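> Here it is, the structure in full.
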Amino acid sequence: MPELPEVEVVRRGLESHALDRLITRVDVLHERPVRRDPAGASGFAASLIGRTFTAARRRGKYLWLPLSPASAASVSAGAAEEVPETGADRVDADALLGHLGMSGQMLVQPVGAPDEKHLRVRFVLEDGSELRFVDQRMFGGLSFSPGGAELPDEIAHIARDLLDPEFDRDEFVRRVRKRTSAIKRLLLDQNLVSGVGNIYADEALWRAGLHGERPGERLAATQVRELAAHAHDVMTEALAQGGTSFDALYVNVNGQSGYFERSLNAYGREDEPCRRCGTSMRRTSFMNRSSYFCPVCQKPPRTSR
DNA sequence: CGTTGCGCCTGTTAGC
DNA sequence: TGCTAACAGGCGCAAC
């Protein structure tokens with residue numbers, strides 16, 4: 001499932017292959033992926049036609065593509081709104097906001113490519129190629145974000161991610177140590193730090209030698225700081241491997257961990273030997289999902305199990 | 001406000 | 001063989 005490294009690979013692909021071509025048509029083939037757009041499927045499509053994607057940005061697992069201004073025709077077709085252009089502050093450009101959820105893909109396909117089974121939204125570009133949102137489970141989605149070019153309002157609550165140069169590690173440590181929740185839940189809390197999902201959370205915890213059910217407030221500052229460093233490192237390494245293989249037209253998101261899968265030390269390794277101490281790895285259910293850990297390297301807190 | 005649990009989705013696989 | 005149940009899990013939201 002796409003976490004930060006996978007989404008960053010997609011962002012880079014879009015930056016290389018989807019910008020600066022007029023959007024001539026938008027087909028919403030399933031309503032659900034645009035459920036977060038208040039204007040509905042038709043409003044969503046209408047907002048995008050006649051524009052171009054001008055950039056590809058990311059925060060955590062969210063992606064957004066800033067848009068060129070609406071054409072004069074579309075503007076006058078809409079209501080005669082008075083835009084308070086008071087001189088000093090200029091209105092931010094709009095954006096297409098997206099999340100891949102569990103199984104979302106953004107594909108750039110050439111003219112004539114057959115539709116994917118789970119094709120949900122199609123953007124036809126002026127050269128006939130298409131940007132496609134393909135999503136089997138539809139946990140992901142797209143929406144039009146008015147003025148969202150810099151940072152969409154819809155995701156203002158999402159914390160900076162570990163690869164963001166402005167991510168404040170000390171603040172993260174402070175906040176974690178005030179919370180009673182389990183450290184794994186905190187690592188997955190996109191309001192504290194974004195981009196970490198179930199797989200990289202388990203990997204970071206394994207590297208740090210911490211059990212995911214230990215309460216944040218019971219951890220030493222050093223432990224939390226090192227955990228953040230490990231999460232940063234494991235995602236950077238995954239990005240380096242995931243970023244190695246995508247060709248010109250296919251914006252790689254296979255929904256899997258890609259080439260990094262063979263490098264995983266915790267996730268999916270139930271009953272296999274811990275790569276540090278040889279003990280059989282365990283799997284438990286936590287927050288309605290699987291957690292993998294080494295019972296020796298990652299001692300559970302006394303209160304659990 | 002912090003904490004915790006749940007529903008949304010579809011396809012694959014395990015088990016009876 | 002054919003059915004059901006479990007599983008994959010990010011996110012927003014409800015309830016306390």
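Chain labels run A, B, ... following the order of the structure tokens; each chain numbers its residues from 1, and ligands are numbered from 1 in the order shown.
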Can you work out which residues from chain B touch chain A at a cut-off of 10 Å (counting only C-alpha atoms (C1' of nucleotides)) and hand them back as JSON, numbers by chain?
{"B": [2, 3, 4, 5, 6, 8, 9, 10, 11]}
> Report as JSON lines: every residue of chain A with an atom at most 10 Å from chain C, its closest pair of atoms, and their distance in Å to one decimal, counting only C-alpha atoms (C1' of nucleotides), with rows sorted by chain and ascending residue number.

{"residue": "A:Met1", "atom": "CA", "partner": "C:DG9", "partner_atom": "C1'", "distance": 8.3}
{"residue": "A:Pro2", "atom": "CA", "partner": "C:DG10", "partner_atom": "C1'", "distance": 9.6}
{"residue": "A:Glu3", "atom": "CA", "partner": "C:DG10", "partner_atom": "C1'", "distance": 9.5}
{"residue": "A:Lys61", "atom": "CA", "partner": "C:DG10", "partner_atom": "C1'", "distance": 9.5}
{"residue": "A:His99", "atom": "CA", "partner": "C:DG10", "partner_atom": "C1'", "distance": 9.5}
{"residue": "A:Leu100", "atom": "CA", "partner": "C:DG10", "partner_atom": "C1'", "distance": 9.2}
{"residue": "A:Gly101", "atom": "CA", "partner": "C:DG10", "partner_atom": "C1'", "distance": 5.8}
{"residue": "A:Met102", "atom": "CA", "partner": "C:DG10", "partner_atom": "C1'", "distance": 6.7}
{"residue": "A:Phe139", "atom": "CA", "partner": "C:DG10", "partner_atom": "C1'", "distance": 7.4}
{"residue": "A:Gly140", "atom": "CA", "partner": "C:DG10", "partner_atom": "C1'", "distance": 8.5}
{"residue": "A:Leu188", "atom": "CA", "partner": "C:DG10", "partner_atom": "C1'", "distance": 9.4}
{"residue": "A:Gln190", "atom": "CA", "partner": "C:DC11", "partner_atom": "C1'", "distance": 9.5}
{"residue": "A:Gly197", "atom": "CA", "partner": "C:DG10", "partner_atom": "C1'", "distance": 7.8}
{"residue": "A:Asn198", "atom": "CA", "partner": "C:DG9", "partner_atom": "C1'", "distance": 7.7}
{"residue": "A:Met287", "atom": "CA", "partner": "C:DG9", "partner_atom": "C1'", "distance": 9.7}
{"residue": "A:Asn288", "atom": "CA", "partner": "C:DG9", "partner_atom": "C1'", "distance": 8.2}
{"residue": "A:Arg289", "atom": "CA", "partner": "C:DG9", "partner_atom": "C1'", "distance": 6.5}
{"residue": "A:Ser290", "atom": "CA", "partner": "C:DG9", "partner_atom": "C1'", "distance": 9.0}
> Go through region 162-304 of chain A and collect every residue that DSSP, computed from the backbone, puts in strand (DSSP E or B); the answer should be as an MDAnalysis selection string.
chainID A and resid 182 194 215 273 280 282:286 289:293
> Pull all heavy atoms from the residues just selected and write them as a compact mmCIF listing (two decimals), in the first residue's frame.

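Printed below is part.txt as written:
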# COMPACT_ATOMS: atom_id res chain seq x y z
N ALA A 182 -0.57 4.40 22.50
CA ALA A 182 0.55 3.55 22.10
C ALA A 182 1.38 4.25 21.03
O ALA A 182 0.85 4.95 20.17
CB ALA A 182 0.01 2.23 21.56
N SER A 194 3.42 12.92 9.29
CA SER A 194 2.67 12.31 8.20
C SER A 194 3.55 11.40 7.35
O SER A 194 4.77 11.45 7.42
CB SER A 194 2.02 13.38 7.34
OG SER A 194 3.02 14.16 6.69
N PRO A 215 3.28 3.13 25.66
CA PRO A 215 2.67 4.47 25.65
C PRO A 215 3.72 5.54 25.36
O PRO A 215 4.85 5.46 25.84
CB PRO A 215 2.14 4.63 27.08
CG PRO A 215 2.10 3.25 27.66
CD PRO A 215 3.19 2.48 26.98
N PRO A 273 12.81 -15.86 11.33
CA PRO A 273 13.77 -15.42 12.35
C PRO A 273 14.06 -13.92 12.28
O PRO A 273 14.22 -13.36 11.20
CB PRO A 273 15.03 -16.23 12.02
CG PRO A 273 14.88 -16.63 10.59
CD PRO A 273 13.41 -16.78 10.35
N SER A 280 11.93 -16.04 16.66
CA SER A 280 10.78 -16.09 15.76
C SER A 280 9.96 -14.79 15.87
O SER A 280 9.55 -14.42 16.96
CB SER A 280 9.89 -17.28 16.14
OG SER A 280 9.71 -18.11 15.03
N ARG A 282 6.81 -12.30 15.67
CA ARG A 282 5.41 -12.49 16.05
C ARG A 282 4.51 -11.55 15.27
O ARG A 282 4.94 -10.50 14.79
CB ARG A 282 5.25 -12.21 17.56
CG ARG A 282 6.08 -13.13 18.45
CD ARG A 282 5.27 -14.27 19.01
NE ARG A 282 4.08 -13.81 19.72
CZ ARG A 282 4.05 -13.47 21.02
NH1 ARG A 282 5.15 -13.55 21.73
NH2 ARG A 282 2.93 -13.09 21.57
N ARG A 283 3.25 -11.96 15.19
CA ARG A 283 2.24 -11.09 14.60
C ARG A 283 1.11 -10.93 15.60
O ARG A 283 0.66 -11.91 16.18
CB ARG A 283 1.68 -11.67 13.31
CG ARG A 283 0.62 -10.78 12.67
CD ARG A 283 0.18 -11.30 11.33
NE ARG A 283 -0.79 -12.38 11.44
CZ ARG A 283 -2.12 -12.18 11.43
NH1 ARG A 283 -2.61 -10.97 11.32
NH2 ARG A 283 -2.93 -13.20 11.52
N THR A 284 0.68 -9.70 15.81
CA THR A 284 -0.48 -9.47 16.66
C THR A 284 -1.43 -8.52 15.94
O THR A 284 -1.04 -7.84 14.98
CB THR A 284 -0.11 -8.82 18.02
OG1 THR A 284 0.64 -7.63 17.74
CG2 THR A 284 0.70 -9.74 18.88
N SER A 285 -2.66 -8.50 16.41
CA SER A 285 -3.62 -7.57 15.86
C SER A 285 -3.64 -6.32 16.74
O SER A 285 -3.75 -6.42 17.95
CB SER A 285 -5.01 -8.22 15.83
OG SER A 285 -5.91 -7.36 15.18
N PHE A 286 -3.48 -5.19 16.10
CA PHE A 286 -3.44 -3.93 16.84
C PHE A 286 -4.13 -2.88 16.00
O PHE A 286 -3.82 -2.72 14.82
CB PHE A 286 -1.98 -3.55 17.11
CG PHE A 286 -1.79 -2.20 17.77
CD1 PHE A 286 -2.19 -1.99 19.08
CD2 PHE A 286 -1.23 -1.15 17.07
CE1 PHE A 286 -2.02 -0.76 19.68
CE2 PHE A 286 -1.06 0.10 17.66
CZ PHE A 286 -1.46 0.29 18.97
N ARG A 289 -5.40 -4.04 12.60
CA ARG A 289 -4.48 -4.37 11.52
C ARG A 289 -3.35 -5.18 12.10
O ARG A 289 -3.24 -5.35 13.31
CB ARG A 289 -3.97 -3.13 10.81
CG ARG A 289 -3.12 -2.23 11.68
CD ARG A 289 -3.30 -0.80 11.27
NE ARG A 289 -4.70 -0.42 11.39
CZ ARG A 289 -5.23 0.65 10.82
NH1 ARG A 289 -4.50 1.42 10.08
NH2 ARG A 289 -6.49 0.94 11.02
N SER A 290 -2.50 -5.69 11.24
CA SER A 290 -1.42 -6.56 11.71
C SER A 290 -0.21 -5.76 12.16
O SER A 290 0.14 -4.74 11.57
CB SER A 290 -0.99 -7.51 10.59
OG SER A 290 -2.02 -8.44 10.33
N SER A 291 0.41 -6.26 13.23
CA SER A 291 1.68 -5.70 13.68
C SER A 291 2.68 -6.83 13.78
O SER A 291 2.38 -7.89 14.33
CB SER A 291 1.53 -5.05 15.06
OG SER A 291 0.87 -3.83 14.97
N TYR A 292 3.86 -6.61 13.26
CA TYR A 292 4.91 -7.63 13.30
C TYR A 292 6.06 -7.09 14.15
O TYR A 292 6.46 -5.92 14.01
CB TYR A 292 5.41 -7.93 11.89
CG TYR A 292 4.34 -8.46 10.97
CD1 TYR A 292 3.52 -7.58 10.26
CD2 TYR A 292 4.13 -9.82 10.83
CE1 TYR A 292 2.53 -8.06 9.41
CE2 TYR A 292 3.13 -10.32 9.99
CZ TYR A 292 2.34 -9.43 9.28
OH TYR A 292 1.36 -9.90 8.45
N PHE A 293 6.57 -7.96 15.04
CA PHE A 293 7.66 -7.51 15.91
C PHE A 293 8.45 -8.70 16.42
O PHE A 293 7.98 -9.85 16.37
CB PHE A 293 7.09 -6.70 17.08
CG PHE A 293 6.27 -7.54 18.04
CD1 PHE A 293 6.81 -7.97 19.24
CD2 PHE A 293 4.96 -7.88 17.73
CE1 PHE A 293 6.04 -8.74 20.12
CE2 PHE A 293 4.20 -8.66 18.60
CZ PHE A 293 4.74 -9.09 19.80
> Which neighbours of Cys294 (chain A) fall inside 12 Å, counting only C-alpha atoms (C1' of nucleotides), when residues of the same chain fewer than 5 positions from it are skipped, and could you give them as an MDAnalysis selection string?
chainID A and resid 202:203 205:212 265:284 299:300
> Mind writing the picked residues with N, CA and C atoms as an mmCIF file, in the first residue's frame?

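So the final result, stored in again_6.cif, reads:
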data_model
loop_
_atom_site.group_PDB
_atom_site.id
_atom_site.type_symbol
_atom_site.label_atom_id
_atom_site.label_comp_id
_atom_site.auth_asym_id
_atom_site.auth_seq_id
_atom_site.Cartn_x
_atom_site.Cartn_y
_atom_site.Cartn_z
ATOM 1 N N ASP A 202 6.043 -0.439 11.451
ATOM 2 C CA ASP A 202 6.629 -1.662 12.001
ATOM 3 C C ASP A 202 8.136 -1.708 11.775
ATOM 4 N N GLU A 203 8.574 -1.259 10.607
ATOM 5 C CA GLU A 203 10.009 -1.264 10.315
ATOM 6 C C GLU A 203 10.776 -0.321 11.240
ATOM 7 N N LEU A 205 9.846 0.767 14.207
ATOM 8 C CA LEU A 205 9.807 0.254 15.577
ATOM 9 C C LEU A 205 10.805 -0.890 15.759
ATOM 10 N N TRP A 206 10.921 -1.738 14.744
ATOM 11 C CA TRP A 206 11.884 -2.850 14.830
ATOM 12 C C TRP A 206 13.312 -2.302 14.902
ATOM 13 N N ARG A 207 13.598 -1.340 14.033
ATOM 14 C CA ARG A 207 14.942 -0.753 14.047
ATOM 15 C C ARG A 207 15.257 -0.085 15.377
ATOM 16 N N ALA A 208 14.230 0.540 15.957
ATOM 17 C CA ALA A 208 14.436 1.269 17.215
ATOM 18 C C ALA A 208 14.396 0.335 18.422
ATOM 19 N N GLY A 209 13.975 -0.909 18.210
ATOM 20 C CA GLY A 209 13.877 -1.841 19.327
ATOM 21 C C GLY A 209 12.767 -1.482 20.292
ATOM 22 N N LEU A 210 11.692 -0.938 19.763
ATOM 23 C CA LEU A 210 10.571 -0.527 20.610
ATOM 24 C C LEU A 210 9.312 -1.306 20.235
ATOM 25 N N HIS A 211 8.575 -1.726 21.240
ATOM 26 C CA HIS A 211 7.291 -2.374 20.992
ATOM 27 C C HIS A 211 6.240 -1.297 20.746
ATOM 28 N N GLY A 212 5.414 -1.520 19.719
ATOM 29 C CA GLY A 212 4.440 -0.505 19.318
ATOM 30 C C GLY A 212 3.387 -0.157 20.344
ATOM 31 N N ASN A 265 12.383 -5.886 7.362
ATOM 32 C CA ASN A 265 12.879 -6.684 8.479
ATOM 33 C C ASN A 265 11.786 -7.140 9.430
ATOM 34 N N ALA A 266 10.628 -6.494 9.356
ATOM 35 C CA ALA A 266 9.559 -6.829 10.298
ATOM 36 C C ALA A 266 8.265 -7.193 9.567
ATOM 37 N N TYR A 267 7.767 -6.263 8.776
ATOM 38 C CA TYR A 267 6.456 -6.438 8.159
ATOM 39 C C TYR A 267 6.352 -7.745 7.352
ATOM 40 N N GLY A 268 5.327 -8.525 7.662
ATOM 41 C CA GLY A 268 5.061 -9.752 6.911
ATOM 42 C C GLY A 268 5.954 -10.932 7.275
ATOM 43 N N ARG A 269 6.745 -10.810 8.348
ATOM 44 C CA ARG A 269 7.724 -11.858 8.654
ATOM 45 C C ARG A 269 7.332 -12.750 9.831
ATOM 46 N N GLU A 270 6.040 -12.965 10.027
ATOM 47 C CA GLU A 270 5.585 -13.832 11.117
ATOM 48 C C GLU A 270 6.255 -15.210 11.027
ATOM 49 N N ASP A 271 6.732 -15.690 12.177
ATOM 50 C CA ASP A 271 7.386 -17.003 12.294
ATOM 51 C C ASP A 271 8.743 -17.095 11.596
ATOM 52 N N GLU A 272 9.195 -16.008 11.020
ATOM 53 C CA GLU A 272 10.533 -16.028 10.433
ATOM 54 C C GLU A 272 11.516 -15.467 11.458
ATOM 55 N N PRO A 273 12.808 -15.859 11.330
ATOM 56 C CA PRO A 273 13.772 -15.420 12.348
ATOM 57 C C PRO A 273 14.059 -13.918 12.285
ATOM 58 N N CYS A 274 14.109 -13.310 13.458
ATOM 59 C CA CYS A 274 14.491 -11.898 13.550
ATOM 60 C C CYS A 274 15.883 -11.752 12.951
ATOM 61 N N ARG A 275 16.068 -10.759 12.110
ATOM 62 C CA ARG A 275 17.361 -10.592 11.441
ATOM 63 C C ARG A 275 18.433 -10.024 12.377
ATOM 64 N N ARG A 276 18.015 -9.739 13.634
ATOM 65 C CA ARG A 276 19.012 -9.236 14.578
ATOM 66 C C ARG A 276 19.376 -10.302 15.599
ATOM 67 N N CYS A 277 18.365 -11.059 16.078
ATOM 68 C CA CYS A 277 18.665 -12.002 17.160
ATOM 69 C C CYS A 277 18.201 -13.426 16.867
ATOM 70 N N GLY A 278 17.519 -13.635 15.763
ATOM 71 C CA GLY A 278 17.141 -14.994 15.388
ATOM 72 C C GLY A 278 15.832 -15.503 15.970
ATOM 73 N N THR A 279 15.280 -14.789 16.925
ATOM 74 C CA THR A 279 14.010 -15.200 17.534
ATOM 75 C C THR A 279 12.879 -15.160 16.506
ATOM 76 N N SER A 280 11.928 -16.045 16.665
ATOM 77 C CA SER A 280 10.778 -16.089 15.762
ATOM 78 C C SER A 280 9.961 -14.795 15.872
ATOM 79 N N MET A 281 9.722 -14.177 14.760
ATOM 80 C CA MET A 281 8.943 -12.936 14.748
ATOM 81 C C MET A 281 7.479 -13.250 15.047
ATOM 82 N N ARG A 282 6.812 -12.303 15.675
ATOM 83 C CA ARG A 282 5.411 -12.494 16.052
ATOM 84 C C ARG A 282 4.508 -11.553 15.271
ATOM 85 N N ARG A 283 3.254 -11.960 15.186
ATOM 86 C CA ARG A 283 2.240 -11.086 14.602
ATOM 87 C C ARG A 283 1.113 -10.930 15.597
ATOM 88 N N THR A 284 0.683 -9.700 15.810
ATOM 89 C CA THR A 284 -0.479 -9.472 16.663
ATOM 90 C C THR A 284 -1.427 -8.519 15.936
ATOM 91 N N LYS A 299 10.553 -5.589 23.488
ATOM 92 C CA LYS A 299 9.826 -6.067 24.661
ATOM 93 C C LYS A 299 8.466 -5.366 24.794
ATOM 94 N N PRO A 300 7.394 -6.162 24.892
ATOM 95 C CA PRO A 300 6.081 -5.543 25.109
ATOM 96 C C PRO A 300 6.038 -4.889 26.486
#
> Within region 9-250 of chain A, find each residue whose DSSP state, derived from the backbone, is helix (DSSP H, G or I), and express the selection as a PyMOL selection string.
chain A and resi 9-17+32-34+40-48+72-77+153-155+169-176+183-188+198-208+216-218+221-242
